[in-house]
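Trainee: work_34.pdb is the file, holding PDB, C-alpha atoms:
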ATOM      1  CA  MET A 446     -19.142 -51.077  -5.719
ATOM      2  CA  PRO A 447     -19.737 -47.833  -3.811
ATOM      3  CA  THR A 448     -19.180 -47.933  -0.138
ATOM      4  CA  VAL A 449     -21.832 -46.635   2.186
ATOM      5  CA  PRO A 450     -20.455 -44.609   5.075
ATOM      6  CA  LYS A 451     -21.302 -45.965   8.475
ATOM      7  CA  PRO A 452     -23.643 -43.839  10.576
ATOM      8  CA  PRO A 453     -21.903 -41.727  13.178
ATOM      9  CA  VAL A 454     -21.610 -43.109  16.649
ATOM     10  CA  SER A 455     -23.858 -41.217  19.008
ATOM     11  CA  GLY A 456     -22.062 -38.551  20.981
ATOM     12  CA  ASN A 457     -19.141 -38.585  18.595
ATOM     13  CA  ASN A 458     -18.949 -36.244  15.639
ATOM     14  CA  ARG A 459     -15.677 -37.532  14.210
ATOM     15  CA  ARG A 460     -17.507 -39.151  11.265
ATOM     16  CA  MET A 461     -19.448 -36.009  10.342
ATOM     17  CA  GLU A 462     -18.627 -34.471   7.017
ATOM     18  CA  GLN A 463     -15.897 -31.968   7.588
ATOM     19  CA  PRO A 464     -16.147 -28.557   5.902
ATOM     20  CA  PRO A 465     -13.558 -27.825   3.243
ATOM     21  CA  PRO A 466     -10.508 -26.000   4.490
ATOM     22  CA  VAL A 467     -11.096 -22.263   4.492
ATOM     23  CA  THR A 468      -8.468 -20.006   3.074
ATOM     24  CA  VAL A 469      -7.718 -17.584   5.841
ATOM     25  CA  GLU A 470      -6.658 -14.253   4.483
ATOM     26  CA  ALA A 471      -4.138 -12.479   6.634
ATOM     27  CA  VAL A 472      -6.039  -9.451   7.928
ATOM     28  CA  ARG A 473      -3.862  -6.785   9.412
ATOM     29  CA  THR A 474      -4.823  -5.571  12.854
ATOM     30  CA  TRP A 475      -5.370  -2.014  11.670
ATOM     31  CA  ASP A 476      -7.542  -3.216   8.789
ATOM     32  CA  ARG A 477     -10.568  -3.767  11.019
ATOM     33  CA  PRO A 478     -13.616  -1.591  11.724
ATOM     34  CA  TRP A 479     -12.895  -1.305  15.459
ATOM     35  CA  VAL A 480      -9.552   0.249  14.628
ATOM     36  CA  VAL A 481     -10.459   2.284  11.566
ATOM     37  CA  ILE A 482     -13.739   3.847  12.734
ATOM     38  CA  PRO A 483     -12.381   5.379  15.986
ATOM     39  CA  LEU A 484      -9.369   6.611  14.029
ATOM     40  CA  PHE A 485     -11.635   8.257  11.455
ATOM     41  CA  VAL A 486     -13.759   9.785  14.219
ATOM     42  CA  LEU A 487     -10.601  11.293  15.697
ATOM     43  CA  ILE A 488      -9.371  12.617  12.351
ATOM     44  CA  ALA A 489     -12.831  14.020  11.574
ATOM     45  CA  ALA A 490     -13.007  15.678  14.996
ATOM     46  CA  VAL A 491      -9.671  17.380  14.341
ATOM     47  CA  GLY A 492     -10.459  18.126  10.693
ATOM     48  CA  GLY A 493     -13.695  19.807  11.691
ATOM     49  CA  LEU A 494     -11.675  22.378  13.625
ATOM     50  CA  PHE A 495      -9.790  23.632  10.586
ATOM     51  CA  GLY A 496     -11.499  26.183   8.410
ATOM     52  CA  SER A 497     -11.190  26.313   4.651
ATOM     53  CA  PHE A 498      -8.171  28.020   3.103
ATOM     54  CA  THR A 499      -6.002  27.328   6.125
ATOM     55  CA  LEU A 500      -2.646  25.600   5.987
ATOM     56  CA  SER A 501      -3.759  23.075   8.623
ATOM     57  CA  ALA A 502      -6.834  22.050   6.599
ATOM     58  CA  ASN A 503      -4.735  21.633   3.452
ATOM     59  CA  LEU A 504      -2.045  19.615   5.211
ATOM     60  CA  LEU A 505      -4.542  17.307   6.926
ATOM     61  CA  VAL A 506      -6.514  16.579   3.750
ATOM     62  CA  LEU A 507      -3.333  16.055   1.741
ATOM     63  CA  ALA A 508      -1.765  13.800   4.400
ATOM     64  CA  VAL A 509      -4.837  11.686   5.151
ATOM     65  CA  GLY A 510      -5.984  11.522   1.521
ATOM     66  CA  GLY A 511      -2.468  10.746   0.365
ATOM     67  CA  THR A 512      -2.146   7.914   2.886
ATOM     68  CA  LEU A 513      -5.499   6.417   1.883
ATOM     69  CA  LEU A 514      -4.637   6.779  -1.798
ATOM     70  CA  TRP A 515      -1.324   5.009  -1.176
ATOM     71  CA  LEU A 516      -3.113   2.208   0.701
ATOM     72  CA  GLY A 517      -5.591   1.897  -2.136
ATOM     73  CA  MET A 518      -2.936   1.813  -4.849
ATOM     74  CA  THR A 519      -0.632  -0.647  -3.121
ATOM     75  CA  GLY A 520      -3.415  -3.056  -2.141
ATOM     76  CA  ARG A 521      -2.402  -3.201   1.527
ATOM     77  CA  THR A 522      -6.034  -3.489   2.566
ATOM     78  CA  GLY A 523      -8.418  -6.338   1.862
ATOM     79  CA  ARG A 524     -10.434  -5.976  -1.313
ATOM     80  CA  ARG A 525     -13.871  -7.212  -2.263
ATOM     81  CA  PRO A 526     -14.092  -8.952  -5.622
ATOM     82  CA  ALA A 527     -15.441  -6.620  -8.298
ATOM     83  CA  PRO A 528     -17.813  -7.747 -11.049
ATOM     84  CA  THR A 529     -16.046  -8.606 -14.300
ATOM     85  CA  GLN A 530     -18.890  -7.243 -16.385
ATOM     86  CA  LEU A 531     -21.986  -5.148 -15.894
ATOM     87  CA  GLY A 532     -25.416  -5.659 -17.366
ATOM     88  CA  ARG A 533     -27.466  -3.063 -19.222
ATOM     89  CA  SER A 534     -29.227  -2.179 -15.979
ATOM     90  CA  ALA A 535     -26.022  -0.520 -14.801
ATOM     91  CA  ALA A 536     -26.931   2.339 -17.149
ATOM     92  CA  TRP A 537     -29.519   3.449 -14.575
ATOM     93  CA  TRP A 538     -26.640   4.957 -12.625
ATOM     94  CA  LEU A 539     -26.031   7.323 -15.520
ATOM     95  CA  VAL A 540     -29.317   9.091 -14.728
ATOM     96  CA  PRO A 541     -28.271  10.698 -11.392
ATOM     97  CA  VAL A 542     -24.620  11.046 -12.454
ATOM     98  CA  LEU A 543     -25.439  12.903 -15.678
ATOM     99  CA  MET A 544     -28.085  14.987 -13.906
ATOM    100  CA  LEU A 545     -25.515  16.052 -11.303
ATOM    101  CA  ALA A 546     -22.946  16.850 -13.979
ATOM    102  CA  PHE A 547     -25.463  18.874 -15.975
ATOM    103  CA  VAL A 548     -26.771  20.928 -13.023
ATOM    104  CA  GLU A 549     -23.261  21.543 -11.665
ATOM    105  CA  LEU A 550     -21.842  22.585 -15.032
ATOM    106  CA  TYR A 551     -24.863  24.757 -15.823
ATOM    107  CA  ALA A 552     -24.601  26.570 -12.474
ATOM    108  CA  PHE A 553     -20.834  26.925 -12.866
ATOM    109  CA  SER A 554     -21.153  28.327 -16.383
ATOM    110  CA  LYS A 555     -23.418  31.139 -15.190
ATOM    111  CA  HIS A 556     -20.684  32.668 -12.980
ATOM    112  CA  SER A 557     -23.276  33.959 -10.534
ATOM    113  CA  ILE A 558     -22.651  32.988  -6.928
ATOM    114  CA  ASP A 559     -26.056  34.118  -5.673
ATOM    115  CA  ASP A 560     -28.386  33.209  -8.520
ATOM    116  CA  TYR A 561     -26.693  30.025  -9.737
ATOM    117  CA  PRO A 562     -24.827  28.474  -6.797
ATOM    118  CA  THR A 563     -22.759  25.350  -7.341
ATOM    119  CA  LEU A 564     -22.860  22.464  -4.901
ATOM    120  CA  SER A 565     -19.742  23.605  -3.069
ATOM    121  CA  LEU A 566     -21.134  27.136  -2.667
ATOM    122  CA  LEU A 567     -24.310  25.693  -1.191
ATOM    123  CA  ALA A 568     -22.261  23.473   1.101
ATOM    124  CA  ASP A 569     -20.078  26.296   2.453
ATOM    125  CA  PRO A 570     -22.564  27.675   5.040
ATOM    126  CA  VAL A 571     -23.288  24.132   6.254
ATOM    127  CA  LEU A 572     -19.599  23.254   6.510
ATOM    128  CA  ASN A 573     -18.949  26.412   8.533
ATOM    129  CA  THR A 574     -20.486  24.740  11.593
ATOM    130  CA  TYR A 575     -18.193  22.382  13.471
ATOM    131  CA  LEU A 576     -20.539  19.409  13.861
ATOM    132  CA  ALA A 577     -21.620  19.346  10.212
ATOM    133  CA  ARG A 578     -18.030  19.772   9.053
ATOM    134  CA  ALA A 579     -16.781  16.947  11.285
ATOM    135  CA  ALA A 580     -19.672  14.682  10.212
ATOM    136  CA  CYS A 581     -19.008  15.346   6.522
ATOM    137  CA  TYR A 582     -15.282  14.784   7.117
ATOM    138  CA  PHE A 583     -16.129  11.412   8.647
ATOM    139  CA  GLY A 584     -18.336  10.609   5.655
ATOM    140  CA  TRP A 585     -15.520  11.486   3.266
ATOM    141  CA  LEU A 586     -13.093   9.247   5.156
ATOM    142  CA  THR A 587     -15.444   6.263   5.318
ATOM    143  CA  GLY A 588     -16.253   6.733   1.628
ATOM    144  CA  PHE A 589     -12.529   6.724   0.886
ATOM    145  CA  TRP A 590     -12.118   3.580   2.974
ATOM    146  CA  ALA A 591     -14.970   1.856   1.140
ATOM    147  CA  LEU A 592     -13.410   2.767  -2.204
ATOM    148  CA  ILE A 593      -9.904   1.512  -1.449
ATOM    149  CA  ARG A 594     -11.366  -1.843  -0.407
ATOM    150  CA  ARG A 595     -12.902  -2.315  -3.854
TER     151      ARG A 595
ATOM    152  CA  MET B 329     -35.935  32.548  -8.417
ATOM    153  CA  SER B 330     -33.131  30.875 -10.347
ATOM    154  CA  ARG B 331     -31.411  30.089  -7.043
ATOM    155  CA  ILE B 332     -34.475  28.156  -5.878
ATOM    156  CA  VAL B 333     -34.593  26.292  -9.206
ATOM    157  CA  ILE B 334     -30.931  25.286  -8.922
ATOM    158  CA  ILE B 335     -31.340  24.144  -5.306
ATOM    159  CA  SER B 336     -34.443  22.171  -6.284
ATOM    160  CA  LEU B 337     -32.523  20.506  -9.100
ATOM    161  CA  PHE B 338     -29.785  19.459  -6.646
ATOM    162  CA  VAL B 339     -32.476  17.989  -4.387
ATOM    163  CA  VAL B 340     -33.879  16.068  -7.377
ATOM    164  CA  VAL B 341     -30.362  14.767  -8.130
ATOM    165  CA  ALA B 342     -29.946  13.601  -4.517
ATOM    166  CA  ALA B 343     -33.340  11.898  -4.702
ATOM    167  CA  ALA B 344     -32.347  10.204  -7.975
ATOM    168  CA  PHE B 345     -29.177   8.849  -6.332
ATOM    169  CA  ALA B 346     -31.236   7.585  -3.392
ATOM    170  CA  VAL B 347     -33.844   5.913  -5.633
ATOM    171  CA  VAL B 348     -31.297   4.141  -7.885
ATOM    172  CA  GLY B 349     -29.320   3.138  -4.786
ATOM    173  CA  TRP B 350     -32.453   1.704  -3.214
ATOM    174  CA  LEU B 351     -33.407  -0.122  -6.421
ATOM    175  CA  SER B 352     -29.922  -1.631  -6.647
ATOM    176  CA  ARG B 353     -30.172  -3.047  -3.131
ATOM    177  CA  ARG B 354     -33.468  -4.838  -3.646
ATOM    178  CA  GLU B 355     -33.362  -8.604  -3.674
ATOM    179  CA  ASP B 356     -32.731 -10.012  -7.187
ATOM    180  CA  SER B 357     -32.020  -6.523  -8.497
ATOM    181  CA  LYS B 358     -30.239  -6.404 -11.850
ATOM    182  CA  ILE B 359     -28.907  -2.950 -11.107
ATOM    183  CA  PRO B 360     -25.427  -3.191  -9.558
ATOM    184  CA  THR B 361     -24.781  -1.314  -6.327
ATOM    185  CA  PHE B 362     -22.746   1.863  -6.407
ATOM    186  CA  GLY B 363     -19.901  -0.054  -4.769
ATOM    187  CA  ASP B 364     -19.949  -2.662  -7.523
ATOM    188  CA  MET B 365     -19.967   0.090 -10.118
ATOM    189  CA  SER B 366     -16.964   1.728  -8.459
ATOM    190  CA  GLY B 367     -15.166  -1.610  -8.255
ATOM    191  CA  PHE B 368     -15.814  -2.276 -11.937
ATOM    192  CA  VAL B 369     -14.566   1.141 -13.013
ATOM    193  CA  MET B 370     -11.470   0.800 -10.818
ATOM    194  CA  GLN B 371     -10.502  -2.400 -12.644
ATOM    195  CA  TYR B 372      -9.880  -0.486 -15.856
ATOM    196  CA  GLN B 373      -6.222  -0.537 -16.848
ATOM    197  CA  VAL B 374      -4.212   0.739 -19.760
ATOM    198  CA  GLY B 375      -1.352  -1.688 -20.004
ATOM    199  CA  LYS B 376      -0.207  -2.076 -16.432
ATOM    200  CA  VAL B 377      -1.347   1.390 -15.398
ATOM    201  CA  PRO B 378      -4.477   1.219 -13.153
ATOM    202  CA  VAL B 379      -6.123   4.225 -14.775
ATOM    203  CA  GLY B 380      -9.562   3.521 -13.304
ATOM    204  CA  ARG B 381      -8.230   3.169  -9.783
ATOM    205  CA  VAL B 382      -6.143   6.328 -10.020
ATOM    206  CA  ALA B 383      -9.095   8.249 -11.457
ATOM    207  CA  VAL B 384     -11.678   7.161  -8.860
ATOM    208  CA  LEU B 385      -9.419   7.482  -5.807
ATOM    209  CA  GLY B 386      -7.888  10.703  -7.129
ATOM    210  CA  PHE B 387     -11.350  12.169  -7.697
ATOM    211  CA  TRP B 388     -12.423  11.306  -4.150
ATOM    212  CA  TRP B 389      -9.236  12.850  -2.769
ATOM    213  CA  TRP B 390      -9.959  16.011  -4.768
ATOM    214  CA  VAL B 391     -13.560  16.085  -3.405
ATOM    215  CA  GLY B 392     -12.217  16.140   0.157
ATOM    216  CA  TRP B 393      -9.664  18.802  -0.652
ATOM    217  CA  HIS B 394     -12.249  20.925  -2.470
ATOM    218  CA  PHE B 395     -14.826  20.841   0.329
ATOM    219  CA  PHE B 396     -12.597  20.877   3.415
ATOM    220  CA  ALA B 397      -9.528  22.802   2.379
ATOM    221  CA  ARG B 398     -10.571  25.120  -0.462
TER     222      ARG B 398
END
Could you rewrite the structure in this file as structure tokens?

Mentor:
Amino acid sequence: MPTVPKPPVSGNNRRMEQPPPVTVEAVRTWDRPWVVIPLFVLIAAVGGLFGSFTLSANLLVLAVGGTLLWLGMTGRTGRRPAPTQLGRSAAWWLVPVLMLAFVELYAFSKHSIDDYPTLSLLADPVLNTYLARAACYFGWLTGFWALIRR
Amino acid sequence: MSRIVIISLFVVVAAAFAVVGWLSRREDSKIPTFGDMSGFVMQYQVGKVPVGRVAVLGFWWWVGWHFFAR
């Protein structure tokens, strides 16, 4: 015969249904937005100072990118669960990706900097200004961070 | 003229990314988000080698190097 739980005594929540125990994942202190975002702002502010083709720019990108790649490969950051399979609708992403590949390859194949500029050639004048360069650097870093957490 | 065409095509590409991204974030959307797509691709392994992860993270590293250092 099933037993009926007694109603809780007023002012006492000891009989309330308790939530299941939550698995607490150990989150490292540095693996939090309030640590990572200021750090990325700082790196982007410094990275924005270095022009292309300089040793400093190369060293910074290689060091920061290498560190993030290492973090991503070793799984030292938290990761979101990824889908085990994708539906047919995922093919919609092929539209912009293939368009980008086609336009980029077509422009590259023409070997004409002025008439058929590639994306990086178009980006060069923008990235020559400090603010835009630092902002794009920050975007690259946050994109990297988002990827290694997948 | 061809320069304007190429720039316009890049704008169309950016708009296409924005539209598909927006569609994927609608409620009950069947289109996965770009993050889910990346996560799915990064799961791909050949044996114990995480080929998908190396490819995606390596590509993003190269993007940064190409735009900020080269």

Trainee: Translate the PyMOL selection byres ((chain B) within 7 of (chain A)) into a concrete residue list for this structure, as number ranges by chain.

Mentor: B: 330-331, 334, 337, 341, 344-345, 348, 358-360, 364, 367-368, 385, 388-389, 392-393, 395-398

Trainee: Do you have the CA of Phe583 in chain A-CA of Gly363 in chain B distance handy?

Mentor: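 About the pair CA of Phe583 in chain A and CA of Gly363 in chain B: they are 18.0 Å apart.
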
Trainee: If I wrap all listed atoms of range 555-569 of chain A in a box with edges along x, y and z and add 8 Å on each side, what are its centre and edge lengths in Å to one decimal, as lines of an AutoDock Vina configuration file?

Mentor:
center_x = -24.1
center_y = 28.3
center_z = -6.4
size_x = 24.6
size_y = 27.7
size_z = 33.6
